[in-house]
>>> print(open('query_25.csv').read())   # CSV, C-alpha atoms and all ligand atoms
chain,number,residue,atom,x,y,z
A,231,MET,CA,7.3,1.5,-14.2
A,232,ARG,CA,4.9,3.1,-16.7
A,233,LEU,CA,1.5,4.7,-16.5
A,234,ARG,CA,-0.1,1.5,-17.7
A,235,ASP,CA,1.4,-0.3,-14.6
A,236,CYS,CA,-0.6,2.0,-12.3
A,237,HIS,CA,-3.7,0.4,-10.8
A,238,ASN,CA,-4.1,2.3,-7.5
A,239,PHE,CA,-2.9,5.2,-5.4
A,240,ASN,CA,0.3,3.6,-4.3
A,241,ASP,CA,1.3,2.9,-7.9
A,242,PHE,CA,0.8,6.5,-8.9
A,243,ARG,CA,2.7,7.6,-5.8
A,244,SER,CA,5.6,5.4,-6.8
A,245,LEU,CA,5.7,6.7,-10.4
A,246,ALA,CA,5.5,10.3,-9.2
A,247,LYS,CA,8.4,9.7,-6.8
A,248,ARG,CA,10.5,8.5,-9.7
A,249,ARG,CA,9.7,11.6,-11.8
A,250,LEU,CA,9.8,14.4,-9.3
A,251,PRO,CA,12.7,16.1,-7.6
A,252,ALA,CA,12.6,14.8,-4.0
A,253,PRO,CA,11.8,18.2,-2.4
A,254,ILE,CA,8.7,18.5,-4.6
A,255,PHE,CA,7.6,14.9,-4.0
A,256,ASP,CA,8.0,15.5,-0.2
A,257,TYR,CA,6.0,18.8,-0.5
A,258,ILE,CA,3.1,16.8,-1.9
A,259,ASP,CA,3.5,13.7,0.1
A,260,GLY,CA,4.2,15.1,3.5
A,261,GLY,CA,2.2,16.3,6.5
A,262,ALA,CA,2.7,18.3,9.6
A,263,ASP,CA,4.8,17.4,12.7
A,264,ASP,CA,4.8,13.6,13.2
A,265,GLU,CA,2.3,13.1,10.3
A,266,VAL,CA,-0.1,11.3,12.7
A,267,THR,CA,-3.1,13.0,11.1
A,268,LEU,CA,-1.8,12.3,7.6
A,269,ARG,CA,-1.8,8.5,8.5
A,270,GLN,CA,-5.1,8.6,10.4
A,271,ASN,CA,-6.9,10.1,7.4
A,272,SER,CA,-6.6,6.9,5.5
A,273,ALA,CA,-6.6,4.6,8.5
A,274,SER,CA,-9.9,5.9,9.7
A,275,PHE,CA,-11.7,4.3,6.8
A,276,ASP,CA,-10.4,0.9,8.0
A,277,ARG,CA,-12.1,1.2,11.4
A,278,CYS,CA,-15.5,0.3,9.9
A,279,ASP,CA,-16.9,-2.3,7.5
A,280,LEU,CA,-19.4,-2.2,4.7
A,281,VAL,CA,-22.5,-4.4,5.1
A,282,PRO,CA,-23.6,-5.3,1.6
A,283,ASN,CA,-27.1,-6.3,0.5
A,284,VAL,CA,-27.5,-8.9,-2.3
A,285,LEU,CA,-30.0,-9.8,-5.0
A,286,ARG,CA,-31.1,-6.2,-5.7
A,287,GLY,CA,-30.9,-6.0,-9.5
A,288,VAL,CA,-27.9,-3.8,-10.0
A,289,GLU,CA,-27.2,-3.7,-13.8
A,290,THR,CA,-27.5,0.1,-14.1
A,291,ILE,CA,-25.8,2.3,-11.5
A,292,ASP,CA,-26.3,6.1,-11.1
A,293,LEU,CA,-23.3,7.8,-9.5
A,294,SER,CA,-24.6,11.3,-9.8
A,295,VAL,CA,-25.0,13.7,-6.9
A,296,THR,CA,-26.0,17.3,-6.5
A,297,VAL,CA,-23.9,19.3,-4.2
A,298,MET,CA,-24.1,23.1,-3.5
A,299,GLY,CA,-26.4,23.3,-6.5
A,300,GLN,CA,-23.9,21.6,-8.8
A,301,LYS,CA,-24.8,18.4,-10.6
A,302,LEU,CA,-21.8,16.0,-10.6
A,303,ALA,CA,-21.7,12.7,-12.5
A,304,LEU,CA,-19.3,11.4,-9.8
A,305,PRO,CA,-19.5,11.9,-6.0
A,306,VAL,CA,-15.7,12.7,-6.0
A,307,TYR,CA,-14.3,16.1,-6.9
A,308,CYS,CA,-10.7,17.4,-7.2
A,309,SER,CA,-10.0,19.5,-4.2
A,310,PRO,CA,-8.1,22.8,-4.8
A,311,THR,CA,-4.3,22.4,-4.5
A,312,ALA,CA,-1.4,24.9,-4.9
A,313,LEU,CA,1.4,25.1,-7.5
A,314,GLN,CA,0.2,22.3,-9.9
A,315,ARG,CA,2.4,23.4,-12.8
A,316,LEU,CA,5.4,22.6,-10.6
A,317,PHE,CA,4.3,19.0,-10.5
A,318,HIS,CA,3.6,18.7,-14.2
A,319,HIS,CA,3.8,21.4,-16.8
A,320,GLN,CA,0.1,20.9,-17.7
A,321,GLY,CA,-0.9,21.6,-14.1
A,322,GLU,CA,-4.4,22.8,-13.5
A,323,ARG,CA,-5.2,22.5,-17.2
A,324,ALA,CA,-4.8,18.7,-17.0
A,325,VAL,CA,-6.9,18.5,-13.8
A,326,ALA,CA,-9.7,20.6,-15.2
A,327,ALA,CA,-9.8,18.7,-18.4
A,328,ALA,CA,-9.9,15.4,-16.6
A,329,ALA,CA,-12.6,16.6,-14.2
A,330,ALA,CA,-14.6,17.8,-17.2
A,331,LYS,CA,-14.3,14.5,-18.9
A,332,PHE,CA,-15.7,12.8,-15.8
A,333,GLY,CA,-18.4,15.4,-15.3
A,334,THR,CA,-17.1,16.4,-11.9
A,335,MET,CA,-16.0,19.6,-10.0
A,336,PHE,CA,-12.5,20.8,-9.7
A,337,GLY,CA,-10.9,23.4,-7.4
A,338,VAL,CA,-8.6,26.3,-8.3
A,339,SER,CA,-6.3,27.4,-5.5
A,340,SER,CA,-5.5,31.0,-4.7
A,341,LEU,CA,-1.9,29.7,-5.3
A,342,GLY,CA,-3.0,28.1,-8.6
A,343,THR,CA,-0.6,28.4,-11.6
A,344,VAL,CA,-3.3,28.8,-14.3
A,345,SER,CA,-5.8,31.6,-14.2
A,346,LEU,CA,-9.3,30.9,-13.0
A,347,GLU,CA,-10.6,32.8,-16.0
A,348,GLU,CA,-8.8,30.6,-18.5
A,349,LEU,CA,-10.0,27.5,-16.9
A,350,ARG,CA,-13.6,28.8,-16.6
A,351,LYS,CA,-13.6,29.6,-20.3
A,352,LYS,CA,-12.2,26.2,-21.5
A,353,TYR,CA,-14.1,23.8,-19.3
A,354,SER,CA,-17.8,23.9,-18.5
A,355,THR,CA,-17.7,21.5,-15.5
A,356,PRO,CA,-18.4,23.1,-12.1
A,357,GLN,CA,-15.4,25.1,-10.8
A,358,VAL,CA,-14.5,26.0,-7.2
A,359,TYR,CA,-12.3,28.9,-6.3
A,360,GLN,CA,-10.4,28.5,-3.1
A,361,PHE,CA,-9.8,31.7,-1.3
A,362,TYR,CA,-7.6,33.0,1.5
A,363,PHE,CA,-8.7,36.0,3.6
A,364,HIS,CA,-6.6,39.1,3.3
A,365,LYS,CA,-6.0,41.9,5.7
A,366,ASP,CA,-7.0,44.4,2.9
A,367,ARG,CA,-10.8,44.1,2.7
A,368,GLY,CA,-10.7,46.0,-0.6
A,369,LEU,CA,-8.5,43.3,-2.0
A,370,ASN,CA,-10.9,40.6,-0.8
A,371,ARG,CA,-13.8,42.4,-2.5
A,372,ALA,CA,-11.9,42.9,-5.7
A,373,MET,CA,-10.9,39.2,-5.8
A,374,LEU,CA,-14.5,38.1,-5.1
A,375,GLN,CA,-15.7,40.4,-7.9
A,376,ARG,CA,-13.1,38.9,-10.3
A,377,ALA,CA,-14.2,35.4,-9.5
A,378,LYS,CA,-17.9,36.3,-9.8
A,379,GLU,CA,-17.3,37.9,-13.3
A,380,ALA,CA,-15.3,34.8,-14.4
A,381,GLY,CA,-18.3,32.6,-13.6
A,382,VAL,CA,-16.9,30.6,-10.7
A,383,ASN,CA,-19.7,28.3,-9.4
A,384,VAL,CA,-18.6,27.8,-5.7
A,385,LEU,CA,-16.5,30.0,-3.5
A,386,MET,CA,-14.5,27.9,-1.0
A,387,LEU,CA,-12.9,29.8,1.9
A,388,THR,CA,-10.1,27.8,3.6
A,389,VAL,CA,-10.3,28.3,7.3
A,390,ASP,CA,-7.8,25.7,8.7
A,391,SER,CA,-4.7,27.6,7.6
A,392,ILE,CA,-4.7,30.7,9.8
A,393,THR,CA,-1.0,29.9,10.3
A,394,GLY,CA,1.2,27.5,8.4
A,395,GLY,CA,1.6,23.9,9.5
A,396,ASN,CA,5.0,22.6,10.7
A,397,ARG,CA,6.0,20.5,7.7
A,398,GLU,CA,9.4,19.1,8.7
A,399,ARG,CA,10.1,17.3,5.4
A,400,ASP,CA,10.0,20.7,3.7
A,401,LEU,CA,12.3,22.2,6.4
A,402,ARG,CA,14.8,19.5,5.6
A,403,THR,CA,14.8,20.1,1.9
A,404,GLY,CA,14.4,23.9,2.1
A,405,PHE,CA,11.2,23.7,0.0
A,406,ALA,CA,9.5,25.9,2.6
A,407,ILE,CA,8.8,29.4,3.6
A,408,PRO,CA,11.3,31.1,3.5
A,409,PHE,CA,12.4,29.2,0.4
A,410,ARG,CA,16.0,28.2,0.6
A,411,LEU,CA,17.0,24.8,-0.7
A,412,THR,CA,19.4,22.9,1.5
A,413,LEU,CA,22.3,21.0,-0.1
A,414,GLY,CA,20.2,17.8,0.0
A,415,GLY,CA,17.3,19.7,-1.6
A,416,MET,CA,19.5,20.9,-4.4
A,417,ILE,CA,20.8,17.4,-5.0
A,418,GLY,CA,17.1,16.3,-5.2
A,419,PHE,CA,16.7,18.6,-8.2
A,420,VAL,CA,20.1,17.9,-9.8
A,421,VAL,CA,19.4,14.1,-10.1
A,422,LYS,CA,16.1,14.7,-11.9
A,423,PRO,CA,17.2,16.7,-14.9
A,424,LYS,CA,14.2,15.6,-17.0
A,425,TRP,CA,11.9,17.5,-14.6
A,426,GLY,CA,14.2,20.6,-14.9
A,427,ILE,CA,14.2,20.5,-18.7
A,428,ASP,CA,10.4,20.1,-18.8
A,429,TYR,CA,10.0,23.0,-16.4
A,430,LEU,CA,12.3,25.3,-18.4
A,431,VAL,CA,10.9,24.6,-21.9
A,432,HIS,CA,7.3,25.4,-20.9
A,433,GLU,CA,5.5,28.5,-20.1
A,434,ARG,CA,7.0,30.6,-17.3
A,435,PHE,CA,5.8,29.8,-13.8
A,436,LYS,CA,3.1,32.2,-12.6
A,437,LEU,CA,0.5,32.7,-9.8
A,438,PRO,CA,-2.2,34.4,-11.9
A,439,GLN,CA,-4.8,34.5,-9.1
A,440,LEU,CA,-2.5,36.7,-7.1
A,441,ASP,CA,-0.1,38.5,-9.4
A,442,GLN,CA,-2.8,41.0,-10.7
A,443,HIS,CA,-3.2,42.1,-7.1
A,444,VAL,CA,0.0,41.4,-5.3
A,445,ASP,CA,3.7,41.8,-6.4
A,446,MET,CA,4.8,38.2,-7.0
A,447,SER,CA,7.9,39.1,-9.0
A,448,GLY,CA,10.1,37.6,-6.2
A,449,GLY,CA,8.9,34.1,-6.9
A,450,ALA,CA,8.9,31.7,-3.9
A,451,ILE,CA,10.0,34.4,-1.6
A,452,SER,CA,6.9,36.4,-2.5
A,453,ILE,CA,4.7,33.4,-1.5
A,454,GLY,CA,6.3,33.6,2.0
A,455,ARG,CA,5.6,37.3,2.2
A,456,TYR,CA,2.1,36.8,0.9
A,457,PHE,CA,1.3,34.4,3.8
A,458,THR,CA,3.1,36.3,6.6
A,459,GLU,CA,2.2,39.9,5.5
A,460,MET,CA,-1.0,39.8,3.6
A,461,LEU,CA,-3.3,37.2,5.1
A,462,ASP,CA,-5.3,38.1,8.1
A,463,PRO,CA,-4.9,35.9,11.2
A,464,SER,CA,-7.6,38.0,13.0
A,465,MET,CA,-10.3,36.6,10.6
A,466,ASN,CA,-13.5,35.7,12.5
A,467,TRP,CA,-17.1,34.7,12.0
A,468,ASN,CA,-18.3,38.3,11.4
A,469,ASP,CA,-15.7,38.7,8.6
A,470,VAL,CA,-16.9,35.5,7.0
A,471,ALA,CA,-20.6,36.4,7.4
A,472,GLU,CA,-19.8,39.7,5.5
A,473,MET,CA,-18.0,37.7,2.8
A,474,VAL,CA,-21.0,35.3,2.4
A,475,ARG,CA,-23.2,38.3,1.9
A,476,GLN,CA,-20.9,39.9,-0.6
A,477,TRP,CA,-20.5,36.6,-2.6
A,478,ASP,CA,-24.2,36.0,-2.6
A,479,GLY,CA,-23.9,32.5,-4.1
A,480,GLN,CA,-22.7,29.0,-3.2
A,481,PHE,CA,-20.2,29.5,-0.4
A,482,CYS,CA,-18.3,26.8,1.3
A,483,LEU,CA,-16.0,26.7,4.3
A,484,LYS,CA,-13.1,24.3,3.9
A,485,GLY,CA,-11.5,23.0,7.1
A,486,VAL,CA,-14.3,22.8,9.5
A,487,MET,CA,-14.2,20.0,12.1
A,488,SER,CA,-16.5,20.7,15.1
A,489,ALA,CA,-20.2,20.5,15.1
A,490,ASP,CA,-20.4,23.9,16.7
A,491,ASP,CA,-18.5,25.5,13.8
A,492,ALA,CA,-20.7,23.6,11.4
A,493,ARG,CA,-23.8,25.1,13.0
A,494,ARG,CA,-22.3,28.6,12.8
A,495,ALA,CA,-21.5,28.1,9.2
A,496,ALA,CA,-25.1,27.2,8.5
A,497,GLU,CA,-26.3,30.2,10.6
A,498,ILE,CA,-24.2,32.7,8.5
A,499,GLY,CA,-25.6,31.4,5.3
A,500,CYS,CA,-22.9,29.0,4.0
A,501,THR,CA,-24.3,26.4,1.6
A,502,GLY,CA,-21.6,23.8,2.3
A,503,ILE,CA,-18.7,22.8,4.5
A,504,VAL,CA,-15.8,20.5,3.9
A,505,LEU,CA,-14.7,18.5,6.9
A,506,SER,CA,-11.0,18.6,6.3
A,507,ASN,CA,-7.7,18.8,8.1
A,508,HIS,CA,-5.9,19.9,4.9
A,509,GLY,CA,-4.6,16.5,4.2
A,510,GLY,CA,-2.8,16.3,7.5
A,511,ARG,CA,-0.7,19.3,6.6
A,512,GLN,CA,-1.9,21.7,9.3
A,513,LEU,CA,-2.8,20.7,12.8
A,514,ASP,CA,-1.2,17.3,13.5
A,515,GLY,CA,-3.3,15.3,15.9
A,516,SER,CA,-6.5,16.7,14.5
A,517,ARG,CA,-9.5,14.5,14.1
A,518,THR,CA,-10.2,13.2,10.6
A,519,GLY,CA,-13.0,14.4,8.4
A,520,PHE,CA,-14.3,10.8,8.2
A,521,ASP,CA,-14.4,10.4,12.0
A,522,GLN,CA,-16.3,13.6,12.4
A,523,LEU,CA,-18.8,13.0,9.6
A,524,ALA,CA,-21.7,11.4,11.6
A,525,GLU,CA,-21.7,14.0,14.3
A,526,VAL,CA,-21.6,16.9,11.9
A,527,VAL,CA,-24.2,15.5,9.5
A,528,ASP,CA,-26.5,14.9,12.5
A,529,ALA,CA,-26.0,18.6,13.5
A,530,VAL,CA,-26.4,20.4,10.2
A,531,GLY,CA,-26.9,17.8,7.4
A,532,ASP,CA,-30.6,18.9,6.9
A,533,ARG,CA,-29.5,22.6,6.4
A,534,ILE,CA,-26.2,22.5,4.4
A,535,ASP,CA,-24.2,20.1,2.3
A,536,VAL,CA,-21.5,18.4,4.3
A,537,LEU,CA,-18.5,17.2,2.3
A,538,MET,CA,-15.3,15.7,3.5
A,539,ASP,CA,-11.7,15.1,2.3
A,540,GLY,CA,-8.5,13.6,3.6
A,541,GLY,CA,-6.9,10.2,2.9
A,542,VAL,CA,-9.3,9.0,0.2
A,543,GLN,CA,-7.5,6.4,-1.9
A,544,ARG,CA,-10.2,3.9,-2.8
A,545,GLY,CA,-13.8,3.8,-4.1
A,546,THR,CA,-14.8,2.0,-0.9
A,547,HIS,CA,-13.5,5.0,1.1
A,548,VAL,CA,-15.9,7.1,-0.8
A,549,LEU,CA,-18.8,4.6,-0.3
A,550,LYS,CA,-18.1,4.7,3.5
A,551,ALA,CA,-18.1,8.5,3.6
A,552,LEU,CA,-21.3,8.7,1.5
A,553,SER,CA,-22.9,6.1,3.8
A,554,LEU,CA,-22.3,8.3,6.8
A,555,GLY,CA,-24.0,11.2,5.0
A,556,ALA,CA,-21.3,13.1,3.1
A,557,LYS,CA,-22.8,14.7,-0.1
A,558,ALA,CA,-19.5,14.4,-2.0
A,559,VAL,CA,-15.8,13.6,-1.2
A,560,GLY,CA,-12.8,15.6,-2.1
A,561,VAL,CA,-9.4,14.2,-3.2
A,562,GLY,CA,-6.0,15.9,-3.2
A,563,ARG,CA,-3.0,13.6,-3.5
A,564,TYR,CA,-5.2,11.0,-5.2
A,565,TYR,CA,-5.0,13.2,-8.4
A,566,LEU,CA,-1.8,15.0,-7.7
A,567,PHE,CA,0.5,11.9,-7.9
A,568,PRO,CA,-1.1,10.9,-11.2
A,569,LEU,CA,-0.7,14.5,-12.5
A,570,ALA,CA,3.0,14.4,-11.5
A,571,ALA,CA,3.4,10.9,-13.0
A,572,ALA,CA,1.8,11.6,-16.4
A,573,GLY,CA,-0.2,14.9,-16.7
A,574,GLN,CA,-3.7,14.7,-18.0
A,575,ALA,CA,-3.5,11.0,-19.0
A,576,GLY,CA,-2.5,10.2,-15.4
A,577,VAL,CA,-5.4,12.2,-13.8
A,578,GLU,CA,-7.8,10.6,-16.3
A,579,LEU,CA,-6.6,7.1,-15.5
A,580,ALA,CA,-6.9,7.8,-11.7
A,581,LEU,CA,-10.4,9.2,-12.0
A,582,GLY,CA,-11.4,6.3,-14.3
A,583,LEU,CA,-10.2,3.8,-11.8
A,584,MET,CA,-12.0,5.7,-9.0
A,585,ARG,CA,-15.3,5.6,-11.0
A,586,ALA,CA,-14.9,1.9,-11.8
A,587,GLU,CA,-14.2,1.2,-8.1
A,588,ILE,CA,-17.2,3.1,-6.9
A,589,GLU,CA,-19.4,1.5,-9.5
A,590,ARG,CA,-18.2,-2.0,-8.7
A,591,GLY,CA,-18.5,-1.3,-5.0
A,592,MET,CA,-22.1,-0.1,-5.5
A,593,LYS,CA,-23.0,-3.2,-7.3
A,594,LEU,CA,-21.5,-5.4,-4.7
A,595,MET,CA,-23.3,-3.4,-2.0
A,596,GLY,CA,-26.6,-3.8,-3.8
A,597,CYS,CA,-27.2,-0.1,-4.3
A,598,ILE,CA,-28.1,1.5,-7.7
A,599,SER,CA,-28.0,5.1,-6.6
A,600,ILE,CA,-25.9,7.2,-4.1
A,601,ALA,CA,-29.1,8.0,-2.2
A,602,GLU,CA,-29.5,4.3,-1.3
A,603,LEU,CA,-26.3,4.3,0.7
A,604,SER,CA,-27.0,4.8,4.4
A,605,ARG,CA,-25.6,4.1,7.9
A,606,LYS,CA,-27.4,0.7,7.7
A,607,ASN,CA,-24.6,-0.2,5.3
A,608,LEU,CA,-21.9,0.5,7.8
A,609,ARG,CA,-20.7,-1.1,11.1
A,610,PHE,CA,-17.8,0.3,13.2
A,611,ARG,CA,-15.7,-2.3,14.8
A,701,LIG,C1,0.4,19.6,-2.4
A,701,LIG,C2,-0.9,20.1,-1.8
A,701,LIG,C3,-1.2,21.4,-1.9
A,701,LIG,C4,-2.4,21.9,-1.4
A,701,LIG,N1,-2.8,23.2,-1.6
A,701,LIG,C5,-4.0,23.7,-1.0
A,701,LIG,C6,-4.4,25.0,-1.2
A,701,LIG,O1,-3.7,25.8,-1.9
A,701,LIG,N2,-5.5,25.4,-0.7
A,701,LIG,C7,-6.3,24.6,0.1
A,701,LIG,O2,-7.4,25.0,0.6
A,701,LIG,N3,-6.0,23.3,0.3
A,701,LIG,C8,-4.8,22.8,-0.3
A,701,LIG,N4,-4.5,21.5,-0.1
A,701,LIG,C9,-5.4,20.6,0.7
A,701,LIG,C10,-6.3,19.8,-0.3
A,701,LIG,O3,-7.3,20.7,-0.9
A,701,LIG,C11,-7.1,18.7,0.4
A,701,LIG,O4,-7.8,19.3,1.5
A,701,LIG,C12,-6.2,17.6,0.9
A,701,LIG,O5,-5.2,17.3,-0.1
A,701,LIG,C13,-7.0,16.3,1.1
A,701,LIG,O6,-6.2,15.3,1.5
A,701,LIG,P1,-5.7,14.1,0.6
A,701,LIG,O7,-4.5,14.7,-0.1
A,701,LIG,O8,-5.3,13.1,1.5
A,701,LIG,O9,-6.8,13.7,-0.4
A,701,LIG,C14,-3.3,21.0,-0.6
A,701,LIG,C15,-2.9,19.7,-0.5
A,701,LIG,C16,-1.7,19.2,-1.1
A,701,LIG,C17,-1.4,17.7,-0.9
>>> encode(input="query_25.csv", output="structure tokens")
Amino acid sequence: MRLRDCHNFNDFRSLAKRRLPAPIFDYIDGGADDEVTLRQNSASFDRCDLVPNVLRGVETIDLSVTVMGQKLALPVYCSPTALQRLFHHQGERAVAAAAAKFGTMFGVSSLGTVSLEELRKKYSTPQVYQFYFHKDRGLNRAMLQRAKEAGVNVLMLTVDSITGGNRERDLRTGFAIPFRLTLGGMIGFVVKPKWGIDYLVHERFKLPQLDQHVDMSGGAISIGRYFTEMLDPSMNWNDVAEMVRQWDGQFCLKGVMSADDARRAAEIGCTGIVLSNHGGRQLDGSRTGFDQLAEVVDAVGDRIDVLMDGGVQRGTHVLKALSLGAKAVGVGRYYLFPLAAAGQAGVELALGLMRAEIERGMKLMGCISIAELSRKNLRFR
């Protein structure tokens, strides 16, 4: 199987599975507990149908949206994800370059493997910085200042990870916190020597968002310590309100689900929220972002931008979310598997397929702009 044989999410996933050591593939692919939420994320899109209109004159389609003040050529953005250079040596550079090519936004994780400054300098497309809240308020302020100086467009605070999800696939391979590969996990690496060579001949693995502030010299063990010792499980709405004031710019909460929390986010001055369950990796049994969309858009959609992510694999998934009122849709594994499969060329192919699917879907729906999509286009079964 080659990149040119990839036509959809499952093709990229299969190719990534062939190339990655099993523990890394499972780290990307897996979810928490019984992976119910992971499955529901995609299944939720199948519980409703699109109702197209015809004969609307659809030769030119405009896919652009404005979200949190950022003009995007595509209503889909690359959600921040950790450790990308483990999946392919180009890592965040590949994702940022592909996002820039398609005129959309990309996220850089606190656990990113390329510095937010380097990415900001090289690519002019809107950049999100995903942030975790530390016990040390001075450290939080320093990191916000650094992101501000770099020119980050949107600060995204992840609020669904106050403690780690129970990812049992990672426990079985040892690709977990604390990091200790099991025999099976080791074999998973040994049988993929090409990945190992690729990893060794390229630039050393780093976590540049953190290692200026935190001692990360212990590698994976340090990530464990970072989560258990440095992040603040007592984080509350007052802390975030203070952070919103300090940032004084586009500020988004990632991992909101309830309408009450969405209202509070609007009250403290957030300009956006992402309805997300972290790709099914945190609270298993959680509601999906798609299933919560209508309720939350009705509660706050006139005050802040409501985004969603989780389970998006098709252009029609995006059309359904936009029809319910999402301003844009985030993808994670949708670009991570192509990254693992083929680096930048993979991510570009995936985003190109997504753009083509959305454009085709819009034509078949009889809509020439995203604003024309509405709940009239959707029926739940
Ligand atoms: C391998 C992997 C790593 C992730 N790392 C982060 C992270 O560092 N910070 C964060 O806020 N979300 C992280 N996420 C969650 C994504 O940003 C996004 O919410 C999720 O992947 C969406 O679901 P999807 O993969 O089904 O598209 C990660 C997801 C995956 C699959």
>>> closest_residue(input="query_25.csv", among="A:Gln522, A:Gln574, A:Ser516, A:Asn607", to="A:Arg315", atoms="all atoms listed in the file")
A:Gln574
>>> residues_near_ligand(input="query_25.csv", ligand="ligand LIG 701 (chain A)", cutoff="7 Å", atoms="all atoms listed in the file", output="PDB file with C-alpha atoms, in the coordinates of the input")
ATOM      1  CA  TYR A 257       6.000  18.800  -0.500  1.00  0.00           C
ATOM      2  CA  ILE A 258       3.100  16.800  -1.900  1.00  0.00           C
ATOM      3  CA  ASP A 259       3.500  13.700   0.100  1.00  0.00           C
ATOM      4  CA  ASN A 271      -6.900  10.100   7.400  1.00  0.00           C
ATOM      5  CA  SER A 309     -10.000  19.500  -4.200  1.00  0.00           C
ATOM      6  CA  PRO A 310      -8.100  22.800  -4.800  1.00  0.00           C
ATOM      7  CA  THR A 311      -4.300  22.400  -4.500  1.00  0.00           C
ATOM      8  CA  ALA A 312      -1.400  24.900  -4.900  1.00  0.00           C
ATOM      9  CA  SER A 339      -6.300  27.400  -5.500  1.00  0.00           C
ATOM     10  CA  SER A 340      -5.500  31.000  -4.700  1.00  0.00           C
ATOM     11  CA  LEU A 341      -1.900  29.700  -5.300  1.00  0.00           C
ATOM     12  CA  GLN A 360     -10.400  28.500  -3.100  1.00  0.00           C
ATOM     13  CA  THR A 388     -10.100  27.800   3.600  1.00  0.00           C
ATOM     14  CA  LYS A 484     -13.100  24.300   3.900  1.00  0.00           C
ATOM     15  CA  SER A 506     -11.000  18.600   6.300  1.00  0.00           C
ATOM     16  CA  ASN A 507      -7.700  18.800   8.100  1.00  0.00           C
ATOM     17  CA  HIS A 508      -5.900  19.900   4.900  1.00  0.00           C
ATOM     18  CA  GLY A 509      -4.600  16.500   4.200  1.00  0.00           C
ATOM     19  CA  GLY A 510      -2.800  16.300   7.500  1.00  0.00           C
ATOM     20  CA  ASP A 539     -11.700  15.100   2.300  1.00  0.00           C
ATOM     21  CA  GLY A 540      -8.500  13.600   3.600  1.00  0.00           C
ATOM     22  CA  GLY A 541      -6.900  10.200   2.900  1.00  0.00           C
ATOM     23  CA  VAL A 542      -9.300   9.000   0.200  1.00  0.00           C
ATOM     24  CA  GLY A 560     -12.800  15.600  -2.100  1.00  0.00           C
ATOM     25  CA  VAL A 561      -9.400  14.200  -3.200  1.00  0.00           C
ATOM     26  CA  GLY A 562      -6.000  15.900  -3.200  1.00  0.00           C
ATOM     27  CA  ARG A 563      -3.000  13.600  -3.500  1.00  0.00           C
ATOM     28  CA  TYR A 564      -5.200  11.000  -5.200  1.00  0.00           C
TER      29      TYR A 564
END
>>> closest_residue(input="query_25.csv", among="A:Phe409, A:Tyr359, A:Phe239, A:Tyr307", to="A:Gly381", atoms="only C-alpha atoms")
A:Tyr359
>>> residues_around(input="query_25.csv", residues="A:Gly499", least_positions_apart="3", cutoff="8 Å", atoms="only C-alpha atoms", output="ChimeraX atom specification")
/A:471,474,495-496
>>> residues_around(input="query_25.csv", residues="A:Thr290", least_positions_apart="5", cutoff="12 Å", atoms="only C-alpha atoms", output="PyMOL selection string")
chain A and resi 589-590+592-593+596-599
>>> atom_distance(input="query_25.csv", atom1="atom CA of A:Met335", atom2="atom CA of A:Pro438")
20.3 Å
>>> atom_distance(input="query_25.csv", atom1="atom CA of A:Tyr429", atom2="atom CA of A:Ala262")
27.4 Å
>>> residues_around(input="query_25.csv", residues="stretch 342-353 of chain A", least_positions_apart="4", cutoff="12 Å", atoms="all atoms listed in the file", output="JSON, numbers by chain")
{"A": [309, 310, 311, 312, 313, 314, 315, 316, 317, 318, 319, 320, 321, 322, 323, 324, 325, 326, 327, 328, 329, 330, 331, 332, 333, 334, 335, 336, 337, 338, 357, 358, 359, 360, 361, 373, 374, 376, 377, 378, 379, 380, 381, 382, 383, 385, 433, 434, 435, 436, 437, 438, 439, 440, 441, 442, 453]}
>>> atom_distance(input="query_25.csv", atom1="atom CA of A:His547", atom2="atom CA of A:Arg511")
20.0 Å
>>> closest_residue(input="query_25.csv", among="A:Leu579, A:Pro305, A:Gly395, A:Val281", to="A:Leu293", atoms="all atoms listed in the file")
A:Pro305
>>> closest_residue(input="query_25.csv", among="A:Lys557, A:His237, A:Arg397, A:Lys424", to="A:Gly299", atoms="only C-alpha atoms")
A:Lys557
>>> residues_around(input="query_25.csv", residues="stretch 413-420 of chain A", least_positions_apart="5", cutoff="8 Å", atoms="all atoms listed in the file", output="list of chain:residue names")
A:Pro251, A:Ala252, A:Pro253, A:Arg402, A:Thr403, A:Gly404, A:Phe405, A:Gly426
>>> closest_residue(input="query_25.csv", among="A:Ala524, A:Leu302, A:Leu250, A:Ala273", to="A:Ser604", atoms="all atoms listed in the file")
A:Ala524
>>> closest_residue(input="query_25.csv", among="A:Gln543, A:Thr296, A:Thr267, A:Thr355", to="A:Ala556", atoms="all atoms listed in the file")
A:Thr296
>>> residues_near_point(input="query_25.csv", point="(-17.6, -3.4, 10.4)", cutoff="8 Å", atoms="only C-alpha atoms", output="list in words")
Arg277, Cys278, Asp279, Leu280, Val281, Leu608, Arg609, Phe610 and Arg611 of chain A
>>> residues_around(input="query_25.csv", residues="stretch 528-530 of chain A", least_positions_apart="4", cutoff="7 Å", atoms="only C-alpha atoms", output="JSON, numbers by chain")
{"A": [489, 492, 493, 524, 534]}
>>> write_last_selection(input="query_25.csv", atoms="C-alpha atoms", output="mmCIF file, in the frame of the given file")
data_model
loop_
_atom_site.group_PDB
_atom_site.id
_atom_site.type_symbol
_atom_site.label_atom_id
_atom_site.label_comp_id
_atom_site.auth_asym_id
_atom_site.auth_seq_id
_atom_site.Cartn_x
_atom_site.Cartn_y
_atom_site.Cartn_z
ATOM 1 C CA ALA A 489 -20.200 20.500 15.100
ATOM 2 C CA ALA A 492 -20.700 23.600 11.400
ATOM 3 C CA ARG A 493 -23.800 25.100 13.000
ATOM 4 C CA ALA A 524 -21.700 11.400 11.600
ATOM 5 C CA ILE A 534 -26.200 22.500 4.400
#
